[in-house]
Amino acid sequence: MTPTVPRSTYETPLKLAYWVPNVSGGLVVSTIEQRTDWEFDYNRRLARIAEDSGFEYALTQARYAASYGADRQHEATAFSLGLLGATERLKIISAVHPGMWHPGVLAKWLITADHISGGRAAVNIVSGWLKDEFINFGLPWLEHDERYVRTEEFIRVLRGLLTEEDFSLDGTYYQVSGIDLSPKPLEIPGRAHPEIFFGGNSTAAQATAGRVADWYFSNGRDLEGYAGNVAGVQASAAEAGRDPRFGLNGFVIARETRKEAEETLREIIAKAHRPAVEGFAQSVKEAGQSTKDGKGMWADSSFEDLVQYNDGFKTQLIGTPEEIADRILEYKKIGVNLLLTGYLHFAEEVAAFGRDVLPIVREKEAELARAHGTELNTDLLPVAPGVSAEEAAA
C-alpha cells in the first residue's frame with residue numbers, strides 16, 4: 001500500500017519529540033556509557049533544553065516492576081505533571097495502560113493537567129504487551145486483538161468525557177452512564193481536546209488508530225514498512241471520516257562522520273546486556289508473533305534491533321547531521337508529521353540535534369514544500385524565549 005500524503009504535510013514543519021528517560025538504564029539495553037539520568041532533576045533540565053532546541057513534545061514512559069534492563073522507574077503521569085510545571089511551551093505526553101486505568105479517572109486527571117499547564121498535557125494510550133505487568137498486579141490479561149477492542153472503547157470513553165455532556169457508552173469493557181465532567185478542557189484554537197496518541201504496528205492497531213486516535217505512533221521502521229503502516233491507518237481512517245496524524249520512533253546517532261556514528265552503533269550492540277535483551281525478546285513474542293497475520297510490534301525484530309527496545313535503529317537516523325536530515329525528509333515524504341527521538345546522552349545530544357541537525361531539516365523542508373507547489377509555514381515553528389518569529393524562521 002502507498003500512503004496518501006496531503007499538501008498540509010509539506011506546508012507544516014515536522015514536529016520533534018523525545019523519549020523522557022524516567023526509567024533507569026537509558027534507551028538502549030547495553031552497558032555502553034549513557035550520560036543520561038532517570039531522576040527528576042536531570043529530566044527537568046533536559047525538558048528545558050529540549051523546548052529551547054526546537055522540540056515541541058516529550059513522551060513519558062509507563063513502566064512498572066516488570067521492566068527489561070531498568071530496575072527503577074518513575075510513574076508517567078506524576079512525572080509528566082512535574083515536567084509541565086518546569087517548562088513553558090513543551091507538550092508532555094503521558095503513557096497510560098487501559099486495564100490499569102479507568103478512562104473516567106484519566107479524563108479527570110487530563111482535564112486538571114490541561115488547566116494547570118495551559119493546554120500542554122496529552123496522553124499516549126498503550127494497549128499493553130508485557131503480560132507480567134498485568135498478571136503480577138492481579139489484573140486480567142487479554143489476548144492481542146482483544147486488547148485493541150478494549151483500547152478502542154477506552155479512547156471512545158475518554159474522548160466522550162472530554163467533549164460531551166451527560167456522556168454514556170455501554171461497551172464490552174466500559175459502561176458509563178450520564179457522566180458530565182466539569183470543567184471541560186481548555187478551549188485551545190486548532191484542537192478539539194487534549195491530544196490522544198496511540199501506537200502499534202499490527203493490523204488491529206492500525207485499524208484502531210484510524211478509527212479513534214488523533215496521532216498514530218509507530219515503532220522504528222524502514223521506509224517501506226512505515227509506508228505500509230501509514231496506508232493501513234489511512235484506510236481505516238477514511239472509512240471513519242477521520243484524519244489522524246503520524247509519528248515515528250527513531251534512535252539518533254549524529255556524529256561528525258558516518259564512520260564514527262556506525263562505530264558507536266556497533267559498540268552499543270557489542271555491549272548489549274544479553275540476558276535482558278533475550279528476556280525482552282521472549283516477552284514480546286506475545287506482542288508480535290501472536291497476531292493473526294504476524295505483523296505486530298517486534299514480529300520481525302532481530303537481537304540487534306531489540307537492543308533499542310522500540311526498534312529505533314530500524315529508522316536509521318545514524319550518520320552526519322546532513323545524512324540524518326536527508327533520512328528524515330524521506331520519512332516526511334511518506335507521511336511522518338512527528339519524529340520521536342532517543343539518544344545515548346540525552347541532554348547534550350538533544351541540544352546538538354537542535355543546533356546541528358534541525359536547521360538542515362528546516363532548509364530541506366522548505367525545498368520539499370516548494371517542489372510540491374507550496375511554502376513551508378514558518379509561522380508554525382516553535383519560538384524560543386526572546387526570539388522573534390522572524391529570527392526563528394531565519
# chains A, B, ... in the order shown; residues from 1 in each chain; ligands from 1

$ select_by_dssp --residues "range 41-278 of chain A" --states "alpha helix (DSSP H)" --output "compact mmCIF listing (two decimals) with N, CA, C and O atoms, in the first residue's frame"
# COMPACT_ATOMS: atom_id res chain seq x y z
N ASP A 41 15.49 15.79 38.63
CA ASP A 41 16.31 16.98 38.43
C ASP A 41 16.94 16.99 37.05
O ASP A 41 16.95 18.02 36.36
N TYR A 42 17.48 15.85 36.64
CA TYR A 42 18.07 15.75 35.30
C TYR A 42 17.00 15.98 34.24
O TYR A 42 17.21 16.71 33.26
N ASN A 43 15.85 15.35 34.42
CA ASN A 43 14.79 15.46 33.41
C ASN A 43 14.19 16.85 33.33
O ASN A 43 13.76 17.28 32.26
N ARG A 44 14.15 17.56 34.44
CA ARG A 44 13.69 18.94 34.40
C ARG A 44 14.65 19.79 33.55
O ARG A 44 14.20 20.58 32.70
N ARG A 45 15.95 19.59 33.74
CA ARG A 45 16.93 20.32 32.95
C ARG A 45 16.84 19.92 31.47
O ARG A 45 16.89 20.78 30.57
N LEU A 46 16.68 18.64 31.22
CA LEU A 46 16.55 18.15 29.84
C LEU A 46 15.33 18.76 29.15
O LEU A 46 15.41 19.17 27.98
N ALA A 47 14.20 18.84 29.85
CA ALA A 47 12.98 19.39 29.24
C ALA A 47 13.19 20.84 28.83
O ALA A 47 12.73 21.27 27.76
N ARG A 48 13.89 21.59 29.65
CA ARG A 48 14.13 22.99 29.32
C ARG A 48 15.08 23.11 28.13
O ARG A 48 14.91 23.98 27.26
N ILE A 49 16.08 22.24 28.07
CA ILE A 49 16.98 22.21 26.91
C ILE A 49 16.19 21.89 25.65
O ILE A 49 16.36 22.53 24.61
N ALA A 50 15.31 20.91 25.76
CA ALA A 50 14.55 20.47 24.59
C ALA A 50 13.66 21.57 24.05
O ALA A 50 13.61 21.80 22.83
N GLU A 51 12.91 22.25 24.92
CA GLU A 51 12.00 23.27 24.41
C GLU A 51 12.76 24.47 23.85
O GLU A 51 12.24 25.19 23.00
N ALA A 76 4.45 7.62 35.11
CA ALA A 76 4.45 8.54 33.97
C ALA A 76 3.62 9.80 34.20
O ALA A 76 4.07 10.91 33.89
N THR A 77 2.40 9.69 34.73
CA THR A 77 1.55 10.87 34.80
C THR A 77 2.04 11.87 35.85
O THR A 77 2.02 13.08 35.62
N ALA A 78 2.49 11.36 36.99
CA ALA A 78 3.03 12.27 38.02
C ALA A 78 4.30 12.95 37.52
O ALA A 78 4.50 14.15 37.72
N PHE A 79 5.16 12.18 36.85
CA PHE A 79 6.40 12.73 36.31
C PHE A 79 6.09 13.80 35.26
O PHE A 79 6.72 14.86 35.22
N SER A 80 5.11 13.51 34.41
CA SER A 80 4.73 14.46 33.36
C SER A 80 4.22 15.77 33.95
O SER A 80 4.54 16.85 33.45
N LEU A 81 3.43 15.68 35.00
CA LEU A 81 2.91 16.90 35.62
C LEU A 81 4.05 17.75 36.17
O LEU A 81 4.03 18.98 36.06
N GLY A 82 5.06 17.08 36.74
CA GLY A 82 6.23 17.81 37.20
C GLY A 82 6.95 18.52 36.07
O GLY A 82 7.37 19.67 36.20
N LEU A 83 7.10 17.85 34.93
CA LEU A 83 7.78 18.45 33.78
C LEU A 83 6.96 19.59 33.19
O LEU A 83 7.52 20.59 32.73
N LEU A 84 5.64 19.47 33.21
CA LEU A 84 4.80 20.57 32.73
C LEU A 84 5.00 21.81 33.59
O LEU A 84 5.03 22.94 33.08
N GLY A 85 5.15 21.60 34.88
CA GLY A 85 5.38 22.74 35.76
C GLY A 85 6.75 23.36 35.61
O GLY A 85 6.94 24.52 35.97
N ALA A 86 7.68 22.61 35.06
CA ALA A 86 9.05 23.09 34.91
C ALA A 86 9.31 23.74 33.54
O ALA A 86 10.39 24.26 33.31
N PRO A 103 -10.92 4.95 32.07
CA PRO A 103 -10.89 6.16 31.23
C PRO A 103 -11.50 7.38 31.90
O PRO A 103 -11.10 8.51 31.60
N GLY A 104 -12.45 7.18 32.81
CA GLY A 104 -13.03 8.32 33.51
C GLY A 104 -12.04 8.97 34.46
O GLY A 104 -11.97 10.21 34.56
N VAL A 105 -11.26 8.16 35.15
CA VAL A 105 -10.23 8.70 36.04
C VAL A 105 -9.17 9.44 35.23
O VAL A 105 -8.73 10.53 35.59
N LEU A 106 -8.76 8.85 34.10
CA LEU A 106 -7.78 9.50 33.24
C LEU A 106 -8.32 10.81 32.68
O LEU A 106 -7.60 11.82 32.61
N ALA A 107 -9.59 10.81 32.28
CA ALA A 107 -10.18 12.05 31.74
C ALA A 107 -10.12 13.16 32.77
O ALA A 107 -9.78 14.31 32.45
N LYS A 108 -10.43 12.85 34.02
CA LYS A 108 -10.40 13.87 35.07
C LYS A 108 -8.98 14.36 35.31
O LYS A 108 -8.73 15.56 35.47
N TRP A 109 -8.02 13.42 35.35
CA TRP A 109 -6.62 13.81 35.50
C TRP A 109 -6.18 14.71 34.34
O TRP A 109 -5.53 15.73 34.55
N LEU A 110 -6.54 14.32 33.12
CA LEU A 110 -6.09 15.04 31.94
C LEU A 110 -6.67 16.46 31.90
O LEU A 110 -5.97 17.41 31.53
N ILE A 111 -7.92 16.60 32.27
CA ILE A 111 -8.53 17.93 32.32
C ILE A 111 -7.80 18.82 33.32
O ILE A 111 -7.47 19.98 33.03
N THR A 112 -7.52 18.27 34.49
CA THR A 112 -6.81 19.05 35.51
C THR A 112 -5.41 19.42 35.04
O THR A 112 -4.98 20.58 35.17
N ALA A 113 -4.69 18.46 34.46
CA ALA A 113 -3.35 18.73 33.94
C ALA A 113 -3.40 19.76 32.81
O ALA A 113 -2.50 20.60 32.67
N ASP A 114 -4.46 19.72 32.02
CA ASP A 114 -4.62 20.67 30.92
C ASP A 114 -4.76 22.09 31.45
O ASP A 114 -4.14 23.03 30.95
N HIS A 115 -5.55 22.26 32.51
CA HIS A 115 -5.73 23.58 33.10
C HIS A 115 -4.45 24.06 33.78
O HIS A 115 -4.07 25.23 33.66
N ILE A 116 -3.79 23.18 34.52
CA ILE A 116 -2.56 23.56 35.21
C ILE A 116 -1.49 24.02 34.22
O ILE A 116 -0.75 24.97 34.48
N SER A 117 -1.40 23.34 33.08
CA SER A 117 -0.30 23.57 32.13
C SER A 117 -0.63 24.56 31.02
O SER A 117 0.22 24.84 30.18
N LYS A 131 2.96 -9.11 29.60
CA LYS A 131 1.97 -9.89 30.35
C LYS A 131 2.22 -9.85 31.85
O LYS A 131 1.28 -9.73 32.65
N ASP A 132 3.50 -9.91 32.26
CA ASP A 132 3.82 -9.95 33.69
C ASP A 132 3.32 -8.71 34.43
O ASP A 132 2.98 -8.78 35.61
N GLU A 133 3.30 -7.56 33.73
CA GLU A 133 2.85 -6.33 34.39
C GLU A 133 1.39 -6.44 34.82
O GLU A 133 0.99 -5.86 35.83
N PHE A 134 0.59 -7.15 34.05
CA PHE A 134 -0.82 -7.32 34.39
C PHE A 134 -1.01 -8.47 35.38
O PHE A 134 -1.69 -8.32 36.40
N ILE A 135 -0.42 -9.60 35.09
CA ILE A 135 -0.61 -10.79 35.92
C ILE A 135 -0.11 -10.56 37.34
O ILE A 135 -0.77 -10.91 38.32
N HIS A 144 -4.05 -10.61 22.16
CA HIS A 144 -3.64 -9.43 21.39
C HIS A 144 -4.81 -8.62 20.83
O HIS A 144 -4.99 -7.44 21.16
N ASP A 145 -5.61 -9.20 19.95
CA ASP A 145 -6.64 -8.41 19.28
C ASP A 145 -7.70 -7.91 20.25
O ASP A 145 -8.27 -6.83 20.07
N GLU A 146 -7.96 -8.69 21.32
CA GLU A 146 -8.96 -8.26 22.29
C GLU A 146 -8.47 -7.04 23.08
O GLU A 146 -9.27 -6.21 23.51
N ARG A 147 -7.16 -6.92 23.24
CA ARG A 147 -6.63 -5.72 23.91
C ARG A 147 -6.96 -4.47 23.12
O ARG A 147 -7.21 -3.40 23.69
N TYR A 148 -6.99 -4.59 21.80
CA TYR A 148 -7.31 -3.42 20.97
C TYR A 148 -8.80 -3.12 20.98
O TYR A 148 -9.20 -1.96 20.81
N VAL A 149 -9.64 -4.13 21.20
CA VAL A 149 -11.07 -3.87 21.40
C VAL A 149 -11.24 -3.02 22.66
O VAL A 149 -11.97 -2.02 22.66
N ARG A 150 -10.57 -3.42 23.74
CA ARG A 150 -10.66 -2.65 24.98
C ARG A 150 -10.08 -1.25 24.80
O ARG A 150 -10.67 -0.26 25.27
N THR A 151 -8.95 -1.14 24.11
CA THR A 151 -8.32 0.16 23.91
C THR A 151 -9.23 1.10 23.13
O THR A 151 -9.35 2.29 23.46
N GLU A 152 -9.91 0.58 22.11
CA GLU A 152 -10.80 1.44 21.33
C GLU A 152 -11.95 1.95 22.20
O GLU A 152 -12.29 3.15 22.14
N GLU A 153 -12.53 1.08 23.01
CA GLU A 153 -13.57 1.54 23.93
C GLU A 153 -13.02 2.58 24.90
O GLU A 153 -13.68 3.59 25.21
N PHE A 154 -11.81 2.33 25.41
CA PHE A 154 -11.18 3.23 26.37
C PHE A 154 -11.05 4.63 25.77
O PHE A 154 -11.42 5.64 26.39
N ILE A 155 -10.58 4.72 24.53
CA ILE A 155 -10.40 6.02 23.88
C ILE A 155 -11.73 6.68 23.60
O ILE A 155 -11.89 7.89 23.75
N ARG A 156 -12.74 5.88 23.21
CA ARG A 156 -14.06 6.47 22.95
C ARG A 156 -14.66 7.06 24.23
O ARG A 156 -15.26 8.14 24.21
N VAL A 157 -14.48 6.36 25.33
CA VAL A 157 -14.98 6.90 26.60
C VAL A 157 -14.18 8.15 26.99
O VAL A 157 -14.76 9.17 27.40
N LEU A 158 -12.87 8.08 26.87
CA LEU A 158 -12.03 9.22 27.21
C LEU A 158 -12.42 10.45 26.41
O LEU A 158 -12.64 11.54 26.98
N ARG A 159 -12.52 10.32 25.11
CA ARG A 159 -12.88 11.47 24.28
C ARG A 159 -14.29 11.96 24.60
O ARG A 159 -14.54 13.18 24.65
N GLY A 160 -15.21 11.04 24.81
CA GLY A 160 -16.57 11.45 25.11
C GLY A 160 -16.65 12.26 26.40
O GLY A 160 -17.35 13.28 26.47
N LEU A 161 -15.93 11.84 27.42
CA LEU A 161 -15.94 12.56 28.69
C LEU A 161 -15.24 13.91 28.58
O LEU A 161 -15.58 14.85 29.31
N LEU A 162 -14.27 14.02 27.68
CA LEU A 162 -13.58 15.29 27.49
C LEU A 162 -14.43 16.32 26.75
O LEU A 162 -14.25 17.52 26.92
N THR A 163 -15.35 15.84 25.93
CA THR A 163 -16.02 16.75 24.99
C THR A 163 -17.53 16.83 25.13
O THR A 163 -18.13 17.77 24.62
N THR A 203 -2.01 -5.07 12.35
CA THR A 203 -3.20 -4.71 11.58
C THR A 203 -4.30 -4.19 12.50
O THR A 203 -4.98 -3.20 12.20
N ALA A 204 -4.49 -4.85 13.65
CA ALA A 204 -5.50 -4.41 14.62
C ALA A 204 -5.19 -3.02 15.15
O ALA A 204 -6.08 -2.18 15.31
N ALA A 205 -3.90 -2.75 15.39
CA ALA A 205 -3.50 -1.44 15.89
C ALA A 205 -3.75 -0.36 14.84
O ALA A 205 -4.23 0.74 15.16
N GLN A 206 -3.42 -0.65 13.59
CA GLN A 206 -3.64 0.33 12.53
C GLN A 206 -5.12 0.65 12.37
O GLN A 206 -5.50 1.82 12.22
N ALA A 207 -5.95 -0.37 12.42
CA ALA A 207 -7.39 -0.16 12.27
C ALA A 207 -7.94 0.66 13.44
O ALA A 207 -8.74 1.59 13.24
N THR A 208 -7.48 0.35 14.66
CA THR A 208 -7.93 1.10 15.83
C THR A 208 -7.49 2.56 15.75
O THR A 208 -8.27 3.48 16.02
N ALA A 209 -6.24 2.78 15.37
CA ALA A 209 -5.72 4.14 15.25
C ALA A 209 -6.53 4.96 14.27
O ALA A 209 -6.87 6.12 14.53
N GLY A 210 -6.87 4.37 13.14
CA GLY A 210 -7.64 5.10 12.15
C GLY A 210 -9.01 5.51 12.65
O GLY A 210 -9.51 6.59 12.32
N ARG A 211 -9.61 4.68 13.49
CA ARG A 211 -10.97 4.95 13.97
C ARG A 211 -11.01 5.94 15.13
O ARG A 211 -11.97 6.71 15.25
N VAL A 212 -9.96 5.95 16.01
CA VAL A 212 -10.13 6.74 17.24
C VAL A 212 -8.96 7.64 17.64
O VAL A 212 -9.12 8.51 18.49
N LEU A 223 11.67 2.55 5.53
CA LEU A 223 10.74 3.36 4.73
C LEU A 223 9.55 2.55 4.22
O LEU A 223 8.40 2.98 4.31
N GLU A 224 9.82 1.36 3.71
CA GLU A 224 8.74 0.53 3.16
C GLU A 224 7.77 0.10 4.25
O GLU A 224 6.55 0.15 4.08
N GLY A 225 8.32 -0.33 5.38
CA GLY A 225 7.46 -0.77 6.48
C GLY A 225 6.60 0.35 7.02
O GLY A 225 5.42 0.17 7.31
N TYR A 226 7.20 1.55 7.14
CA TYR A 226 6.43 2.66 7.68
C TYR A 226 5.35 3.10 6.69
O TYR A 226 4.23 3.43 7.09
N ALA A 227 5.66 3.11 5.41
CA ALA A 227 4.66 3.46 4.40
C ALA A 227 3.46 2.54 4.49
O ALA A 227 2.30 2.97 4.37
N GLY A 228 3.71 1.25 4.74
CA GLY A 228 2.61 0.31 4.88
C GLY A 228 1.76 0.60 6.10
O GLY A 228 0.53 0.52 6.06
N ASN A 229 2.41 0.97 7.20
CA ASN A 229 1.67 1.33 8.41
C ASN A 229 0.77 2.53 8.18
O ASN A 229 -0.41 2.56 8.57
N VAL A 230 1.34 3.58 7.57
CA VAL A 230 0.57 4.80 7.31
C VAL A 230 -0.64 4.49 6.43
O VAL A 230 -1.76 4.93 6.70
N ALA A 231 -0.41 3.71 5.36
CA ALA A 231 -1.51 3.39 4.45
C ALA A 231 -2.60 2.60 5.15
O ALA A 231 -3.80 2.80 4.91
N GLY A 232 -2.21 1.68 6.04
CA GLY A 232 -3.19 0.90 6.78
C GLY A 232 -4.05 1.77 7.69
O GLY A 232 -5.27 1.61 7.77
N VAL A 233 -3.41 2.72 8.38
CA VAL A 233 -4.16 3.64 9.25
C VAL A 233 -5.06 4.53 8.41
O VAL A 233 -6.23 4.78 8.77
N GLN A 234 -4.54 5.03 7.30
CA GLN A 234 -5.34 5.91 6.44
C GLN A 234 -6.58 5.21 5.90
O GLN A 234 -7.65 5.81 5.80
N ALA A 235 -6.45 3.93 5.56
CA ALA A 235 -7.61 3.19 5.04
C ALA A 235 -8.70 3.10 6.10
O ALA A 235 -9.89 3.30 5.81
N SER A 236 -8.31 2.80 7.33
CA SER A 236 -9.29 2.74 8.42
C SER A 236 -9.88 4.12 8.71
O SER A 236 -11.09 4.26 8.91
N ALA A 237 -9.03 5.14 8.70
CA ALA A 237 -9.49 6.50 8.99
C ALA A 237 -10.47 6.99 7.93
O ALA A 237 -11.44 7.69 8.25
N ALA A 238 -10.22 6.65 6.66
CA ALA A 238 -11.11 7.10 5.58
C ALA A 238 -12.51 6.53 5.78
O ALA A 238 -13.51 7.23 5.57
N GLU A 239 -12.60 5.28 6.22
CA GLU A 239 -13.92 4.67 6.46
C GLU A 239 -14.65 5.37 7.60
O GLU A 239 -15.88 5.45 7.60
N ALA A 240 -13.87 5.87 8.57
CA ALA A 240 -14.46 6.53 9.74
C ALA A 240 -14.60 8.04 9.55
O ALA A 240 -15.10 8.73 10.46
N ARG A 258 30.22 9.58 9.27
CA ARG A 258 29.38 8.39 9.27
C ARG A 258 30.11 7.22 9.94
O ARG A 258 29.50 6.42 10.66
N LYS A 259 31.42 7.14 9.71
CA LYS A 259 32.21 6.07 10.31
C LYS A 259 32.10 6.11 11.83
O LYS A 259 31.90 5.08 12.48
N GLU A 260 32.20 7.30 12.42
CA GLU A 260 32.11 7.43 13.87
C GLU A 260 30.73 7.03 14.36
O GLU A 260 30.59 6.36 15.40
N ALA A 261 29.68 7.42 13.64
CA ALA A 261 28.31 7.06 14.04
C ALA A 261 28.12 5.55 13.98
O ALA A 261 27.52 4.94 14.89
N GLU A 262 28.60 4.92 12.93
CA GLU A 262 28.45 3.47 12.79
C GLU A 262 29.26 2.72 13.84
O GLU A 262 28.83 1.67 14.33
N GLU A 263 30.41 3.25 14.19
CA GLU A 263 31.21 2.63 15.26
C GLU A 263 30.48 2.71 16.60
O GLU A 263 30.54 1.77 17.40
N THR A 264 29.79 3.81 16.84
CA THR A 264 29.01 3.93 18.07
C THR A 264 27.89 2.90 18.10
O THR A 264 27.65 2.26 19.14
N LEU A 265 27.20 2.72 16.98
CA LEU A 265 26.14 1.71 16.91
C LEU A 265 26.72 0.31 17.17
O LEU A 265 26.13 -0.48 17.92
N ARG A 266 27.85 0.00 16.55
CA ARG A 266 28.46 -1.31 16.76
C ARG A 266 28.83 -1.52 18.24
O ARG A 266 28.66 -2.61 18.79
N GLU A 267 29.31 -0.46 18.89
CA GLU A 267 29.68 -0.58 20.30
C GLU A 267 28.44 -0.80 21.17
O GLU A 267 28.47 -1.59 22.12
N ILE A 268 27.35 -0.11 20.86
CA ILE A 268 26.11 -0.31 21.60
C ILE A 268 25.70 -1.78 21.56
O ILE A 268 25.37 -2.39 22.58
N ILE A 269 25.72 -2.35 20.36
CA ILE A 269 25.27 -3.73 20.18
C ILE A 269 26.27 -4.72 20.78
O ILE A 269 25.88 -5.71 21.42
N ALA A 270 27.57 -4.43 20.62
CA ALA A 270 28.59 -5.33 21.17
C ALA A 270 28.51 -5.40 22.68
O ALA A 270 28.81 -6.44 23.29
N ARG A 274 22.99 -8.99 27.23
CA ARG A 274 22.36 -10.11 26.54
C ARG A 274 21.20 -10.75 27.30
O ARG A 274 20.13 -10.97 26.72
N PRO A 275 21.34 -11.05 28.60
CA PRO A 275 20.19 -11.66 29.29
C PRO A 275 18.94 -10.78 29.28
O PRO A 275 17.83 -11.28 29.10
N ALA A 276 19.13 -9.46 29.44
CA ALA A 276 17.98 -8.56 29.44
C ALA A 276 17.33 -8.50 28.06
O ALA A 276 16.10 -8.52 27.93
N VAL A 277 18.16 -8.42 27.01
CA VAL A 277 17.62 -8.35 25.64
C VAL A 277 16.91 -9.66 25.29
O VAL A 277 15.82 -9.66 24.71
N GLU A 278 17.52 -10.78 25.64
CA GLU A 278 16.91 -12.07 25.33
C GLU A 278 15.61 -12.27 26.11
O GLU A 278 14.63 -12.83 25.58

$ closest_residue --among "A:Ala272, A:Ala347, A:Tyr57, A:Leu317" --to "Phe303 in chain A" --atoms "only C-alpha atoms"
A:Ala272

$ select_by_dssp --residues "range 30-204 of chain A" --states "strand (DSSP E or B)" --output "PyMOL selection string"
chain A and resi 30+57-60+73+91-96+98+101+121-125+167-170+175-179+196-199

$ write_last_selection --atoms "N, CA, C and O atoms" --output "compact mmCIF listing (two decimals), in the first residue's frame"
# COMPACT_ATOMS: atom_id res chain seq x y z
N SER A 30 22.15 -1.81 27.07
CA SER A 30 23.57 -2.01 26.78
C SER A 30 24.38 -1.44 27.94
O SER A 30 23.93 -0.51 28.63
N TYR A 57 7.35 18.28 21.83
CA TYR A 57 6.72 17.23 22.63
C TYR A 57 7.78 16.40 23.35
O TYR A 57 8.92 16.27 22.89
N ALA A 58 7.37 15.81 24.47
CA ALA A 58 8.15 14.79 25.16
C ALA A 58 7.19 13.69 25.58
O ALA A 58 6.05 13.97 25.98
N LEU A 59 7.62 12.44 25.50
CA LEU A 59 6.77 11.29 25.85
C LEU A 59 7.34 10.59 27.07
O LEU A 59 8.46 10.08 27.05
N THR A 60 6.57 10.58 28.15
CA THR A 60 6.98 9.94 29.39
C THR A 60 6.55 8.48 29.38
O THR A 60 5.38 8.17 29.18
N GLN A 73 11.90 2.93 38.14
CA GLN A 73 11.00 3.65 37.24
C GLN A 73 10.21 4.68 38.02
O GLN A 73 9.82 4.42 39.16
N LYS A 91 4.97 20.31 25.24
CA LYS A 91 3.82 19.46 25.50
C LYS A 91 4.32 18.11 26.00
O LYS A 91 5.23 17.53 25.39
N ILE A 92 3.75 17.63 27.09
CA ILE A 92 4.20 16.38 27.69
C ILE A 92 3.11 15.32 27.52
O ILE A 92 1.97 15.52 27.93
N ILE A 93 3.49 14.21 26.92
CA ILE A 93 2.58 13.10 26.65
C ILE A 93 2.83 12.02 27.69
O ILE A 93 3.94 11.51 27.82
N SER A 94 1.80 11.65 28.43
CA SER A 94 1.90 10.59 29.43
C SER A 94 1.41 9.27 28.85
O SER A 94 0.30 9.20 28.33
N ALA A 95 2.24 8.23 28.96
CA ALA A 95 1.80 6.90 28.52
C ALA A 95 0.94 6.26 29.61
O ALA A 95 1.27 6.31 30.79
N VAL A 96 -0.19 5.67 29.18
CA VAL A 96 -1.18 5.12 30.11
C VAL A 96 -1.71 3.80 29.55
O VAL A 96 -1.96 3.69 28.35
N PRO A 98 -4.75 1.06 29.37
CA PRO A 98 -6.08 0.56 29.71
C PRO A 98 -5.94 -0.75 30.49
O PRO A 98 -5.02 -1.53 30.24
N TRP A 101 -5.81 1.74 34.21
CA TRP A 101 -6.55 2.98 34.44
C TRP A 101 -8.00 2.79 33.98
O TRP A 101 -8.26 2.04 33.03
N ALA A 121 -0.96 19.28 28.15
CA ALA A 121 -0.97 17.87 28.55
C ALA A 121 -1.58 17.01 27.45
O ALA A 121 -2.54 17.41 26.78
N ALA A 122 -1.01 15.82 27.25
CA ALA A 122 -1.51 14.87 26.26
C ALA A 122 -1.30 13.47 26.82
O ALA A 122 -0.60 13.27 27.82
N VAL A 123 -1.92 12.47 26.16
CA VAL A 123 -1.76 11.08 26.61
C VAL A 123 -1.46 10.18 25.43
O VAL A 123 -1.88 10.43 24.30
N ASN A 124 -0.70 9.12 25.72
CA ASN A 124 -0.43 8.06 24.76
C ASN A 124 -1.03 6.78 25.33
O ASN A 124 -0.61 6.31 26.39
N ILE A 125 -2.03 6.24 24.65
CA ILE A 125 -2.74 5.07 25.16
C ILE A 125 -2.02 3.81 24.66
O ILE A 125 -1.92 3.58 23.46
N PHE A 167 -22.43 12.06 29.05
CA PHE A 167 -21.91 11.04 28.14
C PHE A 167 -22.22 9.65 28.66
O PHE A 167 -22.10 9.35 29.85
N SER A 168 -22.62 8.77 27.72
CA SER A 168 -22.89 7.37 28.05
C SER A 168 -22.29 6.46 27.00
O SER A 168 -22.21 6.82 25.81
N LEU A 169 -21.84 5.29 27.42
CA LEU A 169 -21.38 4.25 26.49
C LEU A 169 -21.56 2.91 27.18
O LEU A 169 -21.12 2.72 28.32
N ASP A 170 -22.21 1.99 26.50
CA ASP A 170 -22.44 0.65 27.02
C ASP A 170 -21.60 -0.32 26.20
O ASP A 170 -22.04 -0.83 25.17
N GLN A 175 -18.77 0.60 30.92
CA GLN A 175 -20.16 1.03 30.93
C GLN A 175 -20.22 2.36 31.68
O GLN A 175 -19.96 2.41 32.89
N VAL A 176 -20.51 3.41 30.96
CA VAL A 176 -20.55 4.76 31.51
C VAL A 176 -21.94 5.32 31.26
O VAL A 176 -22.45 5.24 30.14
N SER A 177 -22.53 5.91 32.28
CA SER A 177 -23.92 6.35 32.15
C SER A 177 -24.10 7.78 32.62
O SER A 177 -23.97 8.08 33.81
N GLY A 178 -24.38 8.68 31.69
CA GLY A 178 -24.78 10.04 32.00
C GLY A 178 -23.76 10.83 32.79
O GLY A 178 -24.12 11.55 33.72
N ILE A 179 -22.48 10.73 32.43
CA ILE A 179 -21.42 11.44 33.16
C ILE A 179 -21.14 12.78 32.49
O ILE A 179 -20.98 12.87 31.27
N ILE A 196 -4.73 12.85 21.87
CA ILE A 196 -4.70 11.43 22.21
C ILE A 196 -3.82 10.70 21.20
O ILE A 196 -4.15 10.61 20.01
N PHE A 197 -2.70 10.21 21.68
CA PHE A 197 -1.77 9.42 20.87
C PHE A 197 -2.05 7.94 21.11
O PHE A 197 -2.54 7.53 22.16
N PHE A 198 -1.68 7.14 20.13
CA PHE A 198 -1.89 5.69 20.23
C PHE A 198 -0.95 5.01 19.25
O PHE A 198 -0.72 5.52 18.16
N GLY A 199 -0.41 3.85 19.62
CA GLY A 199 0.56 3.21 18.75
C GLY A 199 0.41 1.72 18.62
O GLY A 199 -0.36 1.07 19.34

$ residues_around --residues "Ser301 in chain A" --least-positions-apart "4" --cutoff "9 Å" --atoms "only C-alpha atoms" --output "number ranges by chain"
A: 281, 297, 305-306, 311

$ write_last_selection --atoms "C-alpha atoms" --output "PDB file, in the first residue's frame"
ATOM      1  CA  ALA A 281      12.685 -10.853  23.092  1.00  0.00           C
ATOM      2  CA  MET A 297       5.349  -4.973  17.007  1.00  0.00           C
ATOM      3  CA  ASP A 305      17.061  -4.368  16.765  1.00  0.00           C
ATOM      4  CA  LEU A 306      15.831  -5.135  20.271  1.00  0.00           C
ATOM      5  CA  ASP A 311      13.185  -0.693  17.239  1.00  0.00           C
TER       6      ASP A 311
END

$ residues_around --residues "His97 in chain A" --least-positions-apart "3" --cutoff "6 Å" --atoms "only C-alpha atoms" --output "PyMOL selection string"
chain A and resi 100+126-127

$ closest_residue --among "A:Leu358, A:Ala17, A:Leu381, A:Leu376" --to "Tyr343 in chain A" --atoms "only C-alpha atoms"
A:Ala17

$ atom_distance --atom1 "CA of Arg120 in chain A" --atom2 "CA of Leu340 in chain A"
17.0 Å

$ closest_residue --among "A:Lys333, A:Glu56, A:Leu380, A:Ala366" --to "Glu88 in chain A" --atoms "only C-alpha atoms"
A:Glu56
